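Participant: Just passing along the structure, written as structure tokens.
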Amino acid sequence: MTVEETLAVISDTELYRVRREDGTTAVVKLARTEDRQIRYLLKREAAILRKAAASEVSPGWIGQGELEGKIFLKMEYVAGRDLMTAAADARNEGPEAVLGLCLKTIRSYARLHEAGIVHGDVHPGNAKVDERGVRLLDFGVAVAEGAKDETGAAPRAGIGFFFEPEYAAAVLAGSTPPRVSQAGEQYAVAALCYLL
């Protein structure tokens, strides 16, 4: 693979847009350390992506490997506009366009839920708009409902504006937050649509 663009560098991972040997574009999510926890989380995310494939709103999983002892995932590159840019364009077009974008967003999360996956980290930075609709990104804390393997639970994460009331109350009280749920995520998606 050839790195074409750095997409993000955060505390535990780096994301790159790459060109594969066959000429197709992909994303590589690379652990920044050899830490066991990040290895576990990236392997877990790979399993979630494979399970989420039926929804057709997640990036397609391509593979995984290691580079100098650091695990990486390869997944489909989702081109398109970020959700906030698409929302600004829709607002310029009028209320019907904004409503249409909100409905596409809601439908994407509904399709993910129908596939048995709860994303767990709803915010505009985790969605892009392409010709297929609203595509969801970053499945690092997603959960496969009812799964008995590592995909059945994940640490809670996210941005406070999108926390469901029960999660927000737990954060404020310093207590254990509730598990992610479709109902909680529906609240987060409603907050996202309000923001849009």
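The chains in the structure tokens are called A, B, ... from first to last as shown; in each chain the residues are counted from 1, and the ligands are counted from 1 in the order shown.
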Show which residues sit within 9 Å of range 110-127 of chain A, as a PyMOL selection string. Count only C-alpha atoms, and ignore same-chain residues fewer than 5 positions away.

Facilitator: chain A and resi 48+51-58+81-84+105+134-146+154+156-159+161-163+180-182+184-186+188-189+191-192+195-196

Participant: Write out as a PyMOL selection string the residues lying within 8 Å of range 26-43 of chain A, counting only C-alpha atoms and excluding same-chain residues fewer than 3 positions away.

Facilitator: chain A and resi 11-20+46-47+69-77+140

Participant: Produce a file of the selected residues containing N, CA, C and O atoms, as a JSON list (two decimals), in the first residue's frame.

Facilitator:
[["chain", "number", "residue", "atom", "x", "y", "z"],
["A", 11, "SER", "N", -4.74, 10.04, 19.98],
["A", 11, "SER", "CA", -3.88, 9.52, 21.04],
["A", 11, "SER", "C", -3.47, 8.06, 20.84],
["A", 11, "SER", "O", -2.34, 7.71, 21.12],
["A", 12, "ASP", "N", -4.37, 7.22, 20.34],
["A", 12, "ASP", "CA", -4.05, 5.80, 20.26],
["A", 12, "ASP", "C", -3.97, 5.24, 18.84],
["A", 12, "ASP", "O", -3.46, 4.15, 18.63],
["A", 13, "THR", "N", -4.48, 5.97, 17.84],
["A", 13, "THR", "CA", -4.48, 5.47, 16.46],
["A", 13, "THR", "C", -4.16, 6.57, 15.47],
["A", 13, "THR", "O", -4.26, 7.76, 15.76],
["A", 14, "GLU", "N", -3.78, 6.11, 14.28],
["A", 14, "GLU", "CA", -3.56, 6.99, 13.13],
["A", 14, "GLU", "C", -4.39, 6.44, 11.99],
["A", 14, "GLU", "O", -4.48, 5.23, 11.81],
["A", 15, "LEU", "N", -5.00, 7.33, 11.20],
["A", 15, "LEU", "CA", -5.78, 6.90, 10.04],
["A", 15, "LEU", "C", -5.17, 7.47, 8.78],
["A", 15, "LEU", "O", -4.85, 8.67, 8.73],
["A", 16, "TYR", "N", -5.02, 6.61, 7.79],
["A", 16, "TYR", "CA", -4.43, 7.01, 6.51],
["A", 16, "TYR", "C", -5.30, 6.56, 5.36],
["A", 16, "TYR", "O", -5.85, 5.45, 5.39],
["A", 17, "ARG", "N", -5.43, 7.41, 4.36],
["A", 17, "ARG", "CA", -6.01, 6.98, 3.09],
["A", 17, "ARG", "C", -4.86, 6.41, 2.28],
["A", 17, "ARG", "O", -3.81, 7.06, 2.14],
["A", 18, "VAL", "N", -5.03, 5.20, 1.78],
["A", 18, "VAL", "CA", -3.96, 4.50, 1.07],
["A", 18, "VAL", "C", -4.44, 4.04, -0.29],
["A", 18, "VAL", "O", -5.63, 3.87, -0.53],
["A", 19, "ARG", "N", -3.48, 3.84, -1.18],
["A", 19, "ARG", "CA", -3.74, 3.24, -2.48],
["A", 19, "ARG", "C", -3.21, 1.82, -2.40],
["A", 19, "ARG", "O", -2.06, 1.59, -2.07],
["A", 20, "ARG", "N", -4.10, 0.85, -2.67],
["A", 20, "ARG", "CA", -3.71, -0.55, -2.62],
["A", 20, "ARG", "C", -3.04, -0.96, -3.93],
["A", 20, "ARG", "O", -3.12, -0.24, -4.93],
["A", 46, "ALA", "N", -12.61, -4.69, 14.10],
["A", 46, "ALA", "CA", -12.65, -5.48, 12.86],
["A", 46, "ALA", "C", -13.83, -6.44, 12.88],
["A", 46, "ALA", "O", -14.56, -6.59, 11.89],
["A", 47, "ALA", "N", -14.05, -7.09, 14.01],
["A", 47, "ALA", "CA", -15.18, -8.03, 14.13],
["A", 47, "ALA", "C", -16.51, -7.30, 14.00],
["A", 47, "ALA", "O", -17.45, -7.80, 13.37],
["A", 69, "GLY", "N", 5.05, -4.63, 14.85],
["A", 69, "GLY", "CA", 4.43, -4.98, 16.11],
["A", 69, "GLY", "C", 3.16, -4.23, 16.44],
["A", 69, "GLY", "O", 2.55, -4.46, 17.48],
["A", 70, "LYS", "N", 2.73, -3.34, 15.55],
["A", 70, "LYS", "CA", 1.52, -2.55, 15.78],
["A", 70, "LYS", "C", 0.42, -3.06, 14.85],
["A", 70, "LYS", "O", 0.61, -3.18, 13.65],
["A", 71, "ILE", "N", -0.73, -3.32, 15.43],
["A", 71, "ILE", "CA", -1.87, -3.84, 14.65],
["A", 71, "ILE", "C", -2.48, -2.73, 13.80],
["A", 71, "ILE", "O", -2.46, -1.57, 14.17],
["A", 72, "PHE", "N", -3.01, -3.13, 12.63],
["A", 72, "PHE", "CA", -3.75, -2.18, 11.81],
["A", 72, "PHE", "C", -4.95, -2.87, 11.17],
["A", 72, "PHE", "O", -4.98, -4.09, 11.02],
["A", 73, "LEU", "N", -5.95, -2.07, 10.85],
["A", 73, "LEU", "CA", -7.13, -2.51, 10.12],
["A", 73, "LEU", "C", -7.10, -1.87, 8.75],
["A", 73, "LEU", "O", -6.68, -0.72, 8.60],
["A", 74, "LYS", "N", -7.59, -2.59, 7.76],
["A", 74, "LYS", "CA", -7.82, -2.02, 6.43],
["A", 74, "LYS", "C", -9.32, -2.05, 6.20],
["A", 74, "LYS", "O", -9.97, -3.07, 6.43],
["A", 75, "MET", "N", -9.86, -0.92, 5.77],
["A", 75, "MET", "CA", -11.29, -0.85, 5.52],
["A", 75, "MET", "C", -11.55, 0.04, 4.32],
["A", 75, "MET", "O", -10.67, 0.78, 3.88],
["A", 76, "GLU", "N", -12.76, -0.05, 3.82],
["A", 76, "GLU", "CA", -13.18, 0.75, 2.69],
["A", 76, "GLU", "C", -13.02, 2.24, 3.00],
["A", 76, "GLU", "O", -13.33, 2.69, 4.10],
["A", 77, "TYR", "N", -12.54, 2.98, 2.02],
["A", 77, "TYR", "CA", -12.49, 4.44, 2.15],
["A", 77, "TYR", "C", -13.85, 4.98, 1.76],
["A", 77, "TYR", "O", -14.38, 4.68, 0.69],
["A", 140, "GLY", "N", -15.24, 1.93, 16.75],
["A", 140, "GLY", "CA", -14.39, 1.52, 17.86],
["A", 140, "GLY", "C", -15.11, 1.18, 19.15],
["A", 140, "GLY", "O", -14.62, 0.37, 19.94]]

Participant: Smallest atom-to-atom distance to Glu150 in chain A: which of A:Thr24, A:Leu7, A:Glu45, A:Leu103, using only C-alpha atoms?

Facilitator: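 Closest residue, counting only C-alpha atoms: A:Glu45.
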